[in-house]
Each structure stands twice: as C-alpha cells, then as structure tokens.
file structure-v3.cif (mmCIF, C-alpha atoms)
data_my_file
loop_
_atom_site.label_atom_id
_atom_site.label_comp_id
_atom_site.auth_asym_id
_atom_site.auth_seq_id
_atom_site.Cartn_x
_atom_site.Cartn_y
_atom_site.Cartn_z
CA MET A 1 -23.88 1.51 -53.65
CA GLN A 2 -26.95 2.03 -51.50
CA LEU A 3 -28.09 4.96 -49.38
CA ARG A 4 -29.75 4.19 -46.06
CA ARG A 5 -31.58 6.66 -43.82
CA PHE A 6 -31.97 6.21 -40.07
CA ASP A 7 -34.67 7.36 -37.66
CA ASN A 8 -33.07 5.94 -34.51
CA ILE A 9 -30.00 7.83 -33.31
CA GLN A 10 -28.70 4.92 -31.19
CA GLU A 11 -28.83 2.60 -34.20
CA PHE A 12 -27.13 5.22 -36.37
CA TRP A 13 -24.35 5.73 -33.82
CA HIS A 14 -23.80 1.98 -33.45
CA CYS A 15 -23.54 1.67 -37.23
CA THR A 16 -21.27 4.67 -37.90
CA GLN A 17 -18.98 5.15 -34.90
CA ALA A 18 -16.16 2.89 -36.10
CA TYR A 19 -16.15 4.53 -39.53
CA LEU A 20 -16.20 8.07 -38.16
CA LEU A 21 -13.37 7.32 -35.73
CA GLN A 22 -11.15 6.07 -38.56
CA HIS A 23 -10.86 9.71 -39.64
CA GLN A 24 -11.59 11.44 -36.35
CA VAL A 25 -9.93 14.71 -37.40
CA GLU A 26 -12.09 15.28 -40.47
CA ASN A 27 -15.15 13.83 -38.72
CA ASN A 28 -14.82 15.58 -35.37
CA VAL A 29 -17.82 17.85 -35.99
CA LEU A 30 -20.04 14.91 -36.94
CA LEU A 31 -18.90 13.10 -33.79
CA SER A 32 -19.80 16.18 -31.78
CA ILE A 33 -23.28 16.46 -33.33
CA LEU A 34 -23.91 12.77 -32.72
CA HIS A 35 -22.84 13.14 -29.09
CA THR A 36 -25.41 15.92 -28.69
CA LEU A 37 -28.15 13.94 -30.42
CA LEU A 38 -27.46 10.99 -28.13
CA HIS A 39 -27.18 12.85 -24.84
CA ASN A 40 -28.96 16.17 -25.36
CA PRO A 41 -31.49 15.73 -28.20
CA GLU A 42 -33.57 18.72 -27.10
CA ARG A 43 -30.73 20.94 -28.32
CA TYR A 44 -32.11 20.56 -31.86
CA LEU A 45 -35.67 21.57 -32.66
CA GLY A 46 -36.13 19.63 -35.90
CA LYS A 47 -35.88 15.98 -36.89
CA PRO A 48 -32.30 15.21 -37.97
CA TYR A 49 -31.30 13.77 -41.33
CA LEU A 50 -29.08 10.73 -40.71
CA ALA A 51 -27.75 8.79 -43.68
CA ILE A 52 -24.98 6.50 -44.80
CA VAL A 53 -23.90 5.24 -48.19
CA GLN A 54 -22.60 1.67 -48.16
CA THR A 55 -21.69 -1.23 -50.38
CA SER A 56 -21.53 -4.87 -49.30
CA GLY A 57 -21.96 -3.75 -45.71
CA GLU A 58 -19.00 -1.32 -45.86
CA ILE A 59 -19.71 2.34 -45.11
CA LEU A 60 -18.37 4.75 -47.74
CA ALA A 61 -19.76 8.08 -46.45
CA VAL A 62 -21.92 9.57 -43.71
CA ALA A 63 -24.17 12.66 -43.82
CA ILE A 64 -25.95 14.47 -40.99
CA ARG A 65 -28.23 17.48 -40.91
CA THR A 66 -29.96 19.13 -37.96
CA PRO A 67 -32.46 21.56 -39.54
CA PRO A 68 -32.26 24.45 -40.16
CA GLN A 69 -28.47 24.00 -40.32
CA LYS A 70 -26.44 23.05 -43.38
CA LEU A 71 -25.63 19.47 -44.32
CA LEU A 72 -22.53 17.97 -42.67
CA LEU A 73 -20.48 15.53 -44.73
CA SER A 74 -17.96 13.00 -43.50
CA LYS A 75 -14.72 11.93 -45.08
CA ALA A 76 -15.81 9.81 -48.06
CA GLN A 77 -14.21 6.65 -49.39
CA ASN A 78 -15.86 7.07 -52.79
CA MET A 79 -16.78 10.46 -54.21
CA ASP A 80 -19.75 9.03 -56.12
CA THR A 81 -21.45 8.66 -52.74
CA LEU A 82 -21.80 12.44 -52.56
CA ARG A 83 -23.93 12.53 -55.71
CA LEU A 84 -26.12 9.82 -54.22
CA ILE A 85 -26.65 11.92 -51.09
CA ALA A 86 -27.48 14.95 -53.23
CA GLN A 87 -30.08 12.93 -55.13
CA ASP A 88 -31.65 11.76 -51.87
CA LEU A 89 -32.01 15.35 -50.64
CA ARG A 90 -32.94 17.06 -53.89
CA GLN A 91 -36.50 17.81 -52.75
CA GLU A 92 -35.29 19.42 -49.51
CA GLN A 93 -34.72 23.12 -48.88
CA LEU A 94 -31.00 22.80 -48.26
CA PRO A 95 -29.16 26.03 -47.33
CA GLY A 96 -25.68 24.65 -47.93
CA SER A 97 -23.08 22.03 -47.08
CA ILE A 98 -20.06 21.81 -44.79
CA GLY A 99 -17.26 19.26 -44.64
CA PRO A 100 -13.81 18.20 -45.84
CA ALA A 101 -12.73 20.40 -48.74
CA GLU A 102 -12.87 17.89 -51.61
CA GLU A 103 -16.05 16.18 -50.44
CA VAL A 104 -18.05 19.35 -49.94
CA GLU A 105 -16.94 20.78 -53.29
CA ILE A 106 -18.05 17.67 -55.17
CA PHE A 107 -21.36 17.54 -53.29
CA SER A 108 -22.03 21.22 -54.00
CA GLN A 109 -21.35 20.76 -57.70
CA ALA A 110 -23.73 17.80 -57.75
CA TRP A 111 -26.37 19.81 -55.89
CA GLN A 112 -26.14 22.67 -58.36
CA ALA A 113 -26.44 20.29 -61.30
CA LEU A 114 -29.45 18.50 -59.79
CA THR A 115 -31.42 21.48 -58.49
CA GLY A 116 -30.32 24.43 -60.59
CA GLN A 117 -29.49 26.30 -57.40
CA PHE A 118 -26.40 28.49 -57.28
CA SER A 119 -23.59 26.99 -55.21
CA GLN A 120 -20.93 29.29 -53.77
CA ARG A 121 -18.08 28.65 -51.37
CA SER A 122 -18.82 30.88 -48.39
CA MET A 123 -16.03 30.05 -45.95
CA LEU A 124 -12.56 28.51 -45.94
CA MET A 125 -11.63 26.91 -42.65
CA LYS A 126 -8.86 24.82 -41.13
CA ILE A 127 -9.21 21.98 -38.64
CA TYR A 128 -6.67 22.23 -35.82
CA GLN A 129 -5.62 19.53 -33.38
CA LEU A 130 -3.93 19.89 -29.99
CA THR A 131 -2.36 17.16 -27.87
CA ALA A 132 -0.46 19.32 -25.37
CA VAL A 133 -0.84 22.97 -24.40
CA GLN A 134 2.16 25.19 -25.03
CA ARG A 135 2.85 27.30 -21.97
CA VAL A 136 2.42 30.87 -23.16
CA SER A 137 2.15 34.16 -21.35
CA THR A 138 -1.52 34.95 -20.87
CA ALA A 139 -3.55 37.83 -19.56
CA ARG A 140 -4.53 38.17 -15.94
CA GLY A 141 -7.88 36.78 -14.91
CA TYR A 142 -9.49 33.38 -14.50
CA LEU A 143 -11.78 30.91 -16.26
CA ARG A 144 -15.37 30.84 -15.00
CA LEU A 145 -18.33 28.70 -16.00
CA ALA A 146 -21.22 30.74 -17.44
CA LYS A 147 -24.25 30.76 -15.15
CA GLU A 148 -27.91 31.71 -15.31
CA SER A 149 -27.21 35.32 -14.32
CA ASP A 150 -25.06 35.61 -17.50
CA ARG A 151 -27.97 34.73 -19.79
CA SER A 152 -28.51 38.19 -21.29
CA LEU A 153 -24.78 38.63 -21.87
CA LEU A 154 -24.57 35.24 -23.55
CA ILE A 155 -27.43 36.15 -25.88
CA GLU A 156 -25.72 39.43 -26.75
CA TRP A 157 -22.31 37.86 -27.37
CA LEU A 158 -23.62 34.86 -29.31
CA SER A 159 -25.59 37.18 -31.60
CA ALA A 160 -22.50 39.36 -32.11
CA PHE A 161 -20.36 36.29 -32.84
CA LEU A 162 -22.77 34.97 -35.49
CA SER A 163 -23.02 38.41 -37.08
CA GLU A 164 -19.25 38.77 -37.19
CA ILE A 165 -18.75 35.48 -39.01
CA ASP A 166 -21.59 36.33 -41.42
CA GLN A 167 -23.84 33.55 -40.15
CA ALA A 168 -27.53 34.36 -40.05
CA GLU A 169 -29.38 33.51 -36.86
CA SER A 170 -30.93 30.38 -38.34
CA GLU A 171 -32.37 29.18 -35.06
CA ASP A 172 -33.58 30.57 -31.77
CA ILE A 173 -30.63 32.26 -30.03
CA GLU A 174 -32.35 32.09 -26.66
CA HIS A 175 -32.90 28.35 -27.09
CA GLN A 176 -29.18 27.94 -27.87
CA VAL A 177 -28.16 29.94 -24.81
CA ASP A 178 -30.54 28.11 -22.50
CA ASN A 179 -29.16 24.82 -23.75
CA ARG A 180 -25.56 25.95 -23.20
CA LEU A 181 -26.41 26.93 -19.64
CA LYS A 182 -28.11 23.59 -19.03
CA GLN A 183 -25.17 21.63 -20.43
CA GLN A 184 -22.62 23.76 -18.55
CA ASN A 185 -20.27 23.89 -21.51
CA THR A 186 -19.62 27.62 -21.93
CA TYR A 187 -16.95 29.58 -20.09
CA PHE A 188 -15.91 33.19 -19.64
CA TRP A 189 -12.44 34.54 -19.09
CA VAL A 190 -12.96 37.11 -16.36
CA ASP A 191 -10.75 40.09 -15.54
CA SER A 192 -13.01 41.83 -13.00
CA THR A 193 -15.70 41.46 -15.70
CA PRO A 194 -16.25 38.87 -18.48
CA VAL A 195 -13.90 39.73 -21.37
CA SER A 196 -13.82 36.60 -23.57
CA ILE A 197 -15.83 33.43 -24.10
CA ALA A 198 -15.40 29.89 -25.41
CA SER A 199 -17.30 26.61 -25.27
CA SER A 200 -16.02 23.08 -24.90
CA LYS A 201 -17.35 19.57 -25.31
CA GLN A 202 -15.89 16.19 -24.42
CA VAL A 203 -17.23 14.33 -27.44
CA LEU A 204 -15.77 10.98 -26.39
CA PRO A 205 -13.55 10.09 -23.41
CA THR A 206 -10.42 10.92 -25.44
CA ILE A 207 -11.76 13.60 -27.82
CA GLY A 208 -12.64 17.19 -26.99
CA ARG A 209 -13.72 20.20 -29.03
CA ILE A 210 -13.49 23.96 -28.56
CA ASN A 211 -15.96 26.27 -30.30
CA LEU A 212 -17.60 29.67 -29.96
CA ALA A 213 -14.31 31.42 -29.20
CA TYR A 214 -15.24 35.11 -29.15
CA THR A 215 -13.91 38.33 -27.65
CA PRO A 216 -15.84 41.62 -27.97
CA PRO A 217 -13.91 44.32 -29.90
CA GLU A 218 -13.29 46.46 -26.83
CA TYR A 219 -11.39 43.63 -25.10
CA ARG A 220 -9.24 42.47 -28.01
CA ARG A 221 -5.43 42.62 -28.29
CA LYS A 222 -5.08 42.14 -24.55
CA GLY A 223 -4.40 38.40 -24.50
CA TYR A 224 -7.84 37.45 -23.19
CA ALA A 225 -8.73 35.12 -26.07
CA THR A 226 -5.40 33.31 -25.71
CA ALA A 227 -5.93 32.93 -21.98
CA CYS A 228 -9.50 31.66 -22.37
CA VAL A 229 -8.77 29.06 -25.07
CA THR A 230 -5.56 27.94 -23.33
CA ALA A 231 -7.31 27.35 -20.01
CA LEU A 232 -10.28 25.58 -21.58
CA SER A 233 -8.03 23.36 -23.74
CA GLN A 234 -6.02 22.37 -20.67
CA LYS A 235 -9.27 21.61 -18.84
CA LEU A 236 -10.24 19.14 -21.59
CA LEU A 237 -6.82 17.48 -21.43
CA ASP A 238 -7.08 17.24 -17.64
CA GLN A 239 -10.43 15.48 -18.09
CA GLY A 240 -8.72 12.74 -20.11
CA CYS A 241 -8.88 14.01 -23.69
CA ARG A 242 -5.87 13.06 -25.78
CA HIS A 243 -6.96 15.20 -28.72
CA CYS A 244 -8.63 18.62 -28.75
CA PHE A 245 -10.04 19.95 -32.01
CA LEU A 246 -11.24 23.32 -33.19
CA ILE A 247 -12.09 24.84 -36.55
CA ALA A 248 -10.88 28.31 -37.51
CA ASP A 249 -11.97 30.65 -40.28
CA LEU A 250 -8.90 31.35 -42.43
CA ALA A 251 -10.18 34.89 -42.96
CA ASN A 252 -9.29 35.58 -39.32
CA PRO A 253 -5.47 35.49 -39.16
CA THR A 254 -5.41 36.67 -35.53
CA ALA A 255 -7.41 33.68 -34.32
CA ASN A 256 -5.34 31.26 -36.39
CA HIS A 257 -2.14 32.70 -34.90
CA ILE A 258 -3.52 32.44 -31.35
CA TYR A 259 -4.44 28.79 -31.77
CA GLN A 260 -1.02 27.85 -33.13
CA THR A 261 0.70 29.72 -30.31
CA ILE A 262 -1.27 27.66 -27.79
CA GLY A 263 -0.23 24.40 -29.47
CA TYR A 264 -2.94 23.69 -32.03
CA ARG A 265 -1.57 22.34 -35.30
CA PRO A 266 -3.33 22.66 -38.69
CA ILE A 267 -4.40 19.25 -39.94
CA SER A 268 -6.90 19.53 -42.81
CA ASP A 269 -9.07 21.90 -44.81
CA TRP A 270 -12.77 22.32 -44.05
CA HIS A 271 -15.03 24.27 -46.41
CA GLU A 272 -18.55 25.65 -46.33
CA TYR A 273 -20.82 26.23 -49.33
CA SER A 274 -24.10 28.15 -49.51
CA PHE A 275 -26.96 27.37 -51.91
CA THR A 276 -29.36 29.94 -53.34
CA PRO A 277 -31.84 29.91 -56.24
CA ASN A 278 -30.18 31.30 -59.36
CA GLU A 279 -32.58 34.23 -59.56
CA LEU A 280 -31.40 35.32 -56.10
CA ALA A 281 -27.68 34.80 -56.76
#

call {"tool": "encode", "arguments": {"input": "structure-v3.cif", "output": "structure tokens"}}
result
Amino acid sequence: MQLRRFDNIQEFWHCTQAYLLQHQVENNVLLSILHTLLHNPERYLGKPYLAIVQTSGEILAVAIRTPPQKLLLSKAQNMDTLRLIAQDLRQEQLPGSIGPAEEVEIFSQAWQALTGQFSQRSMLMKIYQLTAVQRVSTARGYLRLAKESDRSLLIEWLSAFLSEIDQAESEDIEHQVDNRLKQQNTYFWVDSTPVSIASSKQVLPTIGRINLAYTPPEYRRKGYATACVTALSQKLLDQGCRHCFLIADLANPTANHIYQTIGYRPISDWHEYSFTPNELA
C-alpha cells in the first residue's frame, strides 16, 4: 500500500470521484467538501490536506482536511490504510477525526498509539437519505433566501448553533457567513420574521445535502424546523437531485424524529472523535 498526497484539487477530484461515488452515502460529506474546493476555494482559509491510499492503482481510502477542521475519512476498503494515514499526519496538530463509525474508531486508536494524545468519541451521528418528501402538515410561513441585510442575524444564529452542538468556533464566523451569502445557499423559514434556518448544497447534479438546520429556542415546537427542512429538501429534488443527505446528532431526538417524518431514512453511522494531549484530558 502507498499513500499519495495531492496539491491540485482538480487532479485529486479526477482521481477519487469514481471511488467516492461507489459509497456515496458514507462519502457524501467528502463529496460536498470537494465540490466547495473545486467551485468555491476561498471558503477555506488554509491549504487542504488531500490524500489517498492505493495499491496497484486501486484506491483503498481517501482522507481530506480543511484546516482548522478535523480530518474527514472515507469508507475504507482496507482498515490498515487508516494507520498509514495516521502515520502520514503524526507531526500535524490534528484536533480530531470524523467519518464512518468503524473507520474513524480505528484511525483514532492508531492516532492515540502513535502520538500519545488522548482520543475520545465526542459525537454519535446518523447519516440520513431522502428520495421523496413525505407530505406532512407544516407551520405557516414561507422559505426565503438569506440576503445581505440578514448578515448580523446569520452571525448570531450560526454562533448559537455551534455553541449548542458543543463545537468551538474554530474559524472566522464572519468569513463563513459572508461565504454563505455569496454562495446563496442558506435559507430562512419566515413567519412574519425569520424563525428557522437551514442550508443546502447540490453537490452533484443528482446529489444534494442539507446542513445547518437550526431553530432558536423561542421558536421551537411550532413546526418551523419541519417546514424549513421540508421545503428546502423539496427544492433540491426539484433541481434534479435524486438523493438528499443530512447528518443528525443522535443526542437530539427531536431533530431525528423531524427528519424521519419528512421522509429521511437512517442509512449508516457517522462518528466524531476529538484528540487532546494526555495532560489536558
């Protein structure tokens, strides 16, 4: 087995797209990141880590990192590849890893053994897939694209969202918001005033993703989140997507129930690990 790093995103995409699409459910986040790197590279402030592990020209695993974020792992054909990736990154300041449950657990164990850092599972998630929206009763209101005049509200809500899911603000929130406004991928559900938010991305012509689904506490239990995600999912389907994906934190049963009511079906487990020096653990 051999690990190969890439500096050119077009070359990396050409090399990996067929492999990633073989397991498009487990790899939907990597596909989304690659789409952004190809079409909106200014979204990320640091140089990305792009690597594959292969043997005899056959790809066995893919890894991507956009600093300061955690390492993203693909579905792996051989679990020994994960130890090879850990060895390649052992001199890096890696905050954690995210990916399919088995792969990320094995990588995290390898990282702990190599570096002496403490590895702890920090989030259990589920990947959901939707192919048709279930018609459900939703709250009054309408879907509206976020615009420049919403900038301060977007900053406030994105910060609250990250705080609620225990994710530190690892990059410039204002940069994130400005990029979302530029890409026109973030929507409000409006009932006289914005009451819920979600973002979407058409990763490929037939694949879409929903993320950043958030409703402030004062607007919850009114059906706004259901209405927002339902409308945005249907919008992706209307644009030609045959599959819509999202990832939900299993610690949030309300969100998981909402997604299944809309028509999202649980497909596979997705875990996140955090790394810290032992003396700080």

call {"tool": "resolve_selection", "arguments": {"input": "structure-v3.cif", "expression": "the PyMOL selection byres ((chain A and resi 225) around 10)", "output": "PyMOL selection string"}}
result
chain A and resi 138-139+188-189+195-198+213-216+219-224+226-231+255+258-259

call {"tool": "closest_residue", "arguments": {"input": "structure-v3.cif", "among": "A:Ala18, A:Leu94, A:Leu181, A:Ala146", "to": "Val62 of chain A", "atoms": "all atoms listed in the file"}}
result
A:Ala18

call {"tool": "resolve_selection", "arguments": {"input": "structure-v3.cif", "expression": "the PyMOL selection byres ((chain A and resi 69-71) around 10)", "output": "PyMOL selection string"}}
result
chain A and resi 44+46+48-49+63-68+72-73+89+93-99+104+170-171+272-275

call {"tool": "resolve_selection", "arguments": {"input": "structure-v3.cif", "expression": "the PyMOL selection byres ((chain A and resi 116-131) around 8)", "output": "PyMOL selection string"}}
result
chain A and resi 25-26+96+108-109+111-115+132-133+237+242-251+263-278+281

call {"tool": "residues_around", "arguments": {"input": "structure-v3.cif", "residues": "His23 of chain A", "least_positions_apart": "2", "cutoff": "12 Å", "atoms": "only C-alpha atoms", "output": "VMD selection string"}}
result
chain A and resid 16 to 21 25 to 31 61 to 62 74 to 77 100 267 to 268

call {"tool": "closest_residue", "arguments": {"input": "structure-v3.cif", "among": "A:Gln54, A:Thr81, A:Leu60, A:Arg90", "to": "Gln22 of chain A", "atoms": "only C-alpha atoms"}}
result
A:Leu60

call {"tool": "atom_distance", "arguments": {"input": "structure-v3.cif", "atom1": "atom CA of Val53 of chain A", "atom2": "atom CA of Asn78 of chain A"}}
result
9.4 Å
